[in-house]
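Engineer: Just passing along the structure, written as structure tokens.
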Amino acid sequence: MRVAQLGSGTPEIAVVAGIHGDEPCGVRAVERLLDDPPAVERPVKLVVANETALERRVRFVDEDLNRTFPGDPNAKTHEGQLAHRLVEELEGCLTFSMHSTQSHAEPFAIVNGISETAHEVVPQLPVVAMVETSNFSEGRLFSEIRTIEVECGLQGSETAAENADRLTRSFLTAVDALPGDTVGRDLPVFRLTDVICKDRADTYEVFVDNFTEVSAGETFAAADGDVQVAGESFYPILMSPNGYRDVFGYAAEKTDVLTSPPAAD
Ligand SMILES: [Zn+2]
């Protein structure tokens with residue numbers, strides 16, 4: 001784990017990259033801040049989490065770090081120990097954690113619940129949606145630390161790295177660590193309701209777009225040609241043929257559209 005800081009004092013804000021070792025976009029954003037440090041108005045902690053997995057270009061060494069929190073100093077796995085150290089490092093910080101995905105090119109935010117902070121900060125980020133994990137947050141960083149996760153774009157893409165940089169600067173501006181104004185936007189909010197499982201197969205297909213409603217009766221995916229049909233309507237989230245080993249992704253309901261308050265004159 002690499003820890004650095006912008007500005008002096010005890011940070012109450014943190015930016016975390018590399019929770020997953022095969023998602024380099026956030027690391028590039030952090031390195032850019034370190035190469036050319038901006039003058040900050042509040043101290044900011046910068047963390048590159050799973051350096052060993054990043055070096056090996058794998059998602060994790062022993063187990064998925066973002067399913068391992070709170071971790072344990074005596075854990076038998078690399079990620080179990082790392083989770084514990086990361087929680088200690090981020091204690092008391094509002095944390096911005098960057099990921100990338102195989103499911104959706106446009107950035108979106110993932111939060112544990114719609115807190116006042118999420119309500120205020122997320123509509124100021126260049127994201128297309130906010131996803132609330134509700135019951136599906138076990139073992140994730142935000143089960144322990146106040147965290148806004150962002151999916152920056154497609155894993156390994158140049159666009160995801162550029163988005164990570166833009167998202168980080170928007171976040172730091174929204175929390176008054178960087179000067180200037182953010183652009184507010186209307187933001188649809190989704191809540192995860194179900195996991196969409198997939199049977200073991202050689203080939204997987206997904207026929208629908210994330211964040212676009214699937215109607216009851218619509219064929220949305222297939223495993224070795226065996227189709228899955230929606231029993232009731234839902235919004236697919238983080239759906240991709242091969243993004244996860246056991247699941248296609250998640251089903252969600254659309255709960256709200258947040259409108260950002262007009263800028264003060
Ligand atoms: Zn990730």
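Labels for the structure tokens follow display order: chains A, B, ..., residues from 1 in each chain, ligands from 1.
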With the cut-off set at 10 Å and counting only C-alpha atoms and all ligand atoms, tabulate each residue of chain A with an atom at most that distance from an atom of ligand 1, showing the nearest atom pair and its distance in Å to one decimal, ordered by chain and increasing number, as a Markdown table.

Structural biologist:
| residue | atom | partner | partner_atom_place_in_ligand_line | distance |
| --- | --- | --- | --- | --- |
| A:Ala17 | CA | ligand 1 | 1 (Zn) | 9.1 |
| A:Gly18 | CA | ligand 1 | 1 (Zn) | 7.7 |
| A:Ile19 | CA | ligand 1 | 1 (Zn) | 6.2 |
| A:His20 | CA | ligand 1 | 1 (Zn) | 4.9 |
| A:Gly21 | CA | ligand 1 | 1 (Zn) | 8.1 |
| A:Asp22 | CA | ligand 1 | 1 (Zn) | 7.9 |
| A:Glu23 | CA | ligand 1 | 1 (Zn) | 6.3 |
| A:Pro24 | CA | ligand 1 | 1 (Zn) | 9.6 |
| A:Gly26 | CA | ligand 1 | 1 (Zn) | 9.9 |
| A:Arg59 | CA | ligand 1 | 1 (Zn) | 7.8 |
| A:Asp64 | CA | ligand 1 | 1 (Zn) | 9.1 |
| A:Leu65 | CA | ligand 1 | 1 (Zn) | 9.1 |
| A:Asn66 | CA | ligand 1 | 1 (Zn) | 7.6 |
| A:Ser97 | CA | ligand 1 | 1 (Zn) | 9.0 |
| A:Met98 | CA | ligand 1 | 1 (Zn) | 7.2 |
| A:His99 | CA | ligand 1 | 1 (Zn) | 4.1 |
| A:Ser100 | CA | ligand 1 | 1 (Zn) | 5.5 |
| A:Thr101 | CA | ligand 1 | 1 (Zn) | 6.7 |
| A:Gln102 | CA | ligand 1 | 1 (Zn) | 10.0 |
| A:Glu149 | CA | ligand 1 | 1 (Zn) | 9.1 |
| A:Val150 | CA | ligand 1 | 1 (Zn) | 9.1 |
| A:Glu151 | CA | ligand 1 | 1 (Zn) | 7.6 |
| A:Cys152 | CA | ligand 1 | 1 (Zn) | 9.6 |
| A:Gln155 | CA | ligand 1 | 1 (Zn) | 8.9 |

Engineer: Taking C-alpha atoms for each residue, export the selection above as a PDB file, in the first residue's frame.

Structural biologist:
ATOM      1  CA  ALA A  17      -7.004   3.813  -6.168  1.00  0.00           C
ATOM      2  CA  GLY A  18      -6.107   0.228  -6.895  1.00  0.00           C
ATOM      3  CA  ILE A  19      -8.523  -1.618  -4.631  1.00  0.00           C
ATOM      4  CA  HIS A  20      -8.511  -4.008  -7.612  1.00  0.00           C
ATOM      5  CA  GLY A  21      -5.146  -4.669  -9.246  1.00  0.00           C
ATOM      6  CA  ASP A  22      -6.517  -4.971 -12.776  1.00  0.00           C
ATOM      7  CA  GLU A  23      -8.072  -1.480 -12.706  1.00  0.00           C
ATOM      8  CA  PRO A  24      -5.220   0.952 -13.354  1.00  0.00           C
ATOM      9  CA  GLY A  26      -7.414   5.418 -10.563  1.00  0.00           C
ATOM     10  CA  ARG A  59      -7.755  -8.284  -9.607  1.00  0.00           C
ATOM     11  CA  ASP A  64     -11.317  -9.832  -3.625  1.00  0.00           C
ATOM     12  CA  LEU A  65     -10.261  -6.912  -1.407  1.00  0.00           C
ATOM     13  CA  ASN A  66     -13.618  -5.199  -1.861  1.00  0.00           C
ATOM     14  CA  SER A  97     -12.535   5.173  -4.294  1.00  0.00           C
ATOM     15  CA  MET A  98     -12.001   4.568  -8.006  1.00  0.00           C
ATOM     16  CA  HIS A  99     -12.854   1.431  -9.932  1.00  0.00           C
ATOM     17  CA  SER A 100     -13.408   0.416 -13.540  1.00  0.00           C
ATOM     18  CA  THR A 101     -15.702  -2.179 -15.049  1.00  0.00           C
ATOM     19  CA  GLN A 102     -16.434  -4.388 -18.048  1.00  0.00           C
ATOM     20  CA  GLU A 149     -17.122   4.652  -5.097  1.00  0.00           C
ATOM     21  CA  VAL A 150     -16.975   5.574  -8.747  1.00  0.00           C
ATOM     22  CA  GLU A 151     -16.831   3.328 -11.763  1.00  0.00           C
ATOM     23  CA  CYS A 152     -14.643   5.371 -14.129  1.00  0.00           C
ATOM     24  CA  GLN A 155     -11.263  -1.536 -17.545  1.00  0.00           C
TER      25      GLN A 155
END

Engineer: Which residues are close to Gly92 (chain A), i.e. within 12 Å by only C-alpha atoms, leaving aside same-chain residues fewer than 5 positions away? Reply as an MDAnalysis selection string.

Structural biologist: chainID A and resid 10:14 45 86:87 144:147

Engineer: Can you work out which one of A:Gly184, A:Gly139, A:Gly113, A:Gly217 has the shortest atom-to-atom distance to Pro70 (chain A), counting only C-alpha atoms?

Structural biologist: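 Using only C-alpha atoms, Pro70 (chain A) sits closest to A:Gly139.
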
Engineer: Restricting the calculation to only C-alpha atoms: of A:Arg140, A:Ala160, A:Leu178, A:Asn112, which residue gets closest to Pro43 (chain A)?

Structural biologist: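 Going through A:Arg140, A:Ala160, A:Leu178, A:Asn112 one by one, the smallest distance to Pro43 (chain A) is for A:Leu178.
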
Engineer: What parts of region 50-227 of chain A does DSSP call strand (DSSP E)? I'd like the answer as a PyMOL selection string.

Structural biologist: chain A and resi 94-101+108-111+130-132+147-154+187-197+204-206+219-223+226-227

Engineer: Would you save the residues from that selection as an mmCIF file, in the first residue's frame, using C-alpha atoms?

Structural biologist:
data_model
loop_
_atom_site.group_PDB
_atom_site.id
_atom_site.type_symbol
_atom_site.label_atom_id
_atom_site.label_comp_id
_atom_site.auth_asym_id
_atom_site.auth_seq_id
_atom_site.Cartn_x
_atom_site.Cartn_y
_atom_site.Cartn_z
ATOM 1 C CA LEU A 94 -14.576 10.812 3.555
ATOM 2 C CA THR A 95 -13.140 8.493 0.917
ATOM 3 C CA PHE A 96 -13.351 8.599 -2.853
ATOM 4 C CA SER A 97 -12.535 5.173 -4.294
ATOM 5 C CA MET A 98 -12.001 4.568 -8.006
ATOM 6 C CA HIS A 99 -12.854 1.431 -9.932
ATOM 7 C CA SER A 100 -13.408 0.416 -13.540
ATOM 8 C CA THR A 101 -15.702 -2.179 -15.049
ATOM 9 C CA PHE A 108 -21.373 6.232 -12.331
ATOM 10 C CA ALA A 109 -21.227 6.375 -8.534
ATOM 11 C CA ILE A 110 -21.882 3.583 -6.043
ATOM 12 C CA VAL A 111 -22.804 4.340 -2.439
ATOM 13 C CA MET A 130 -25.914 6.940 -8.474
ATOM 14 C CA VAL A 131 -26.339 3.317 -7.406
ATOM 15 C CA GLU A 132 -27.239 2.430 -3.855
ATOM 16 C CA THR A 147 -16.997 6.106 0.907
ATOM 17 C CA ILE A 148 -18.185 7.207 -2.493
ATOM 18 C CA GLU A 149 -17.122 4.652 -5.097
ATOM 19 C CA VAL A 150 -16.975 5.574 -8.747
ATOM 20 C CA GLU A 151 -16.831 3.328 -11.763
ATOM 21 C CA CYS A 152 -14.643 5.371 -14.129
ATOM 22 C CA GLY A 153 -15.276 3.449 -17.353
ATOM 23 C CA LEU A 154 -14.132 0.336 -19.168
ATOM 24 C CA LEU A 187 -28.974 12.404 -11.338
ATOM 25 C CA PRO A 188 -31.058 9.216 -11.509
ATOM 26 C CA VAL A 189 -30.746 7.041 -8.409
ATOM 27 C CA PHE A 190 -30.973 3.236 -8.478
ATOM 28 C CA ARG A 191 -31.182 0.718 -5.652
ATOM 29 C CA LEU A 192 -29.914 -2.832 -6.125
ATOM 30 C CA THR A 193 -32.648 -5.368 -5.506
ATOM 31 C CA ASP A 194 -31.195 -8.665 -6.722
ATOM 32 C CA VAL A 195 -28.179 -10.537 -7.969
ATOM 33 C CA ILE A 196 -28.532 -11.969 -11.472
ATOM 34 C CA CYS A 197 -26.884 -15.367 -11.310
ATOM 35 C CA TYR A 204 -22.104 -15.897 -21.939
ATOM 36 C CA GLU A 205 -24.146 -13.213 -23.665
ATOM 37 C CA VAL A 206 -25.912 -10.109 -22.384
ATOM 38 C CA THR A 219 -34.747 -11.999 -22.959
ATOM 39 C CA PHE A 220 -31.790 -10.344 -21.267
ATOM 40 C CA ALA A 221 -28.939 -12.857 -21.192
ATOM 41 C CA ALA A 222 -27.851 -16.357 -22.188
ATOM 42 C CA ALA A 223 -25.402 -19.008 -20.964
ATOM 43 C CA ASP A 226 -29.850 -20.984 -22.749
ATOM 44 C CA VAL A 227 -31.708 -17.707 -22.460
#
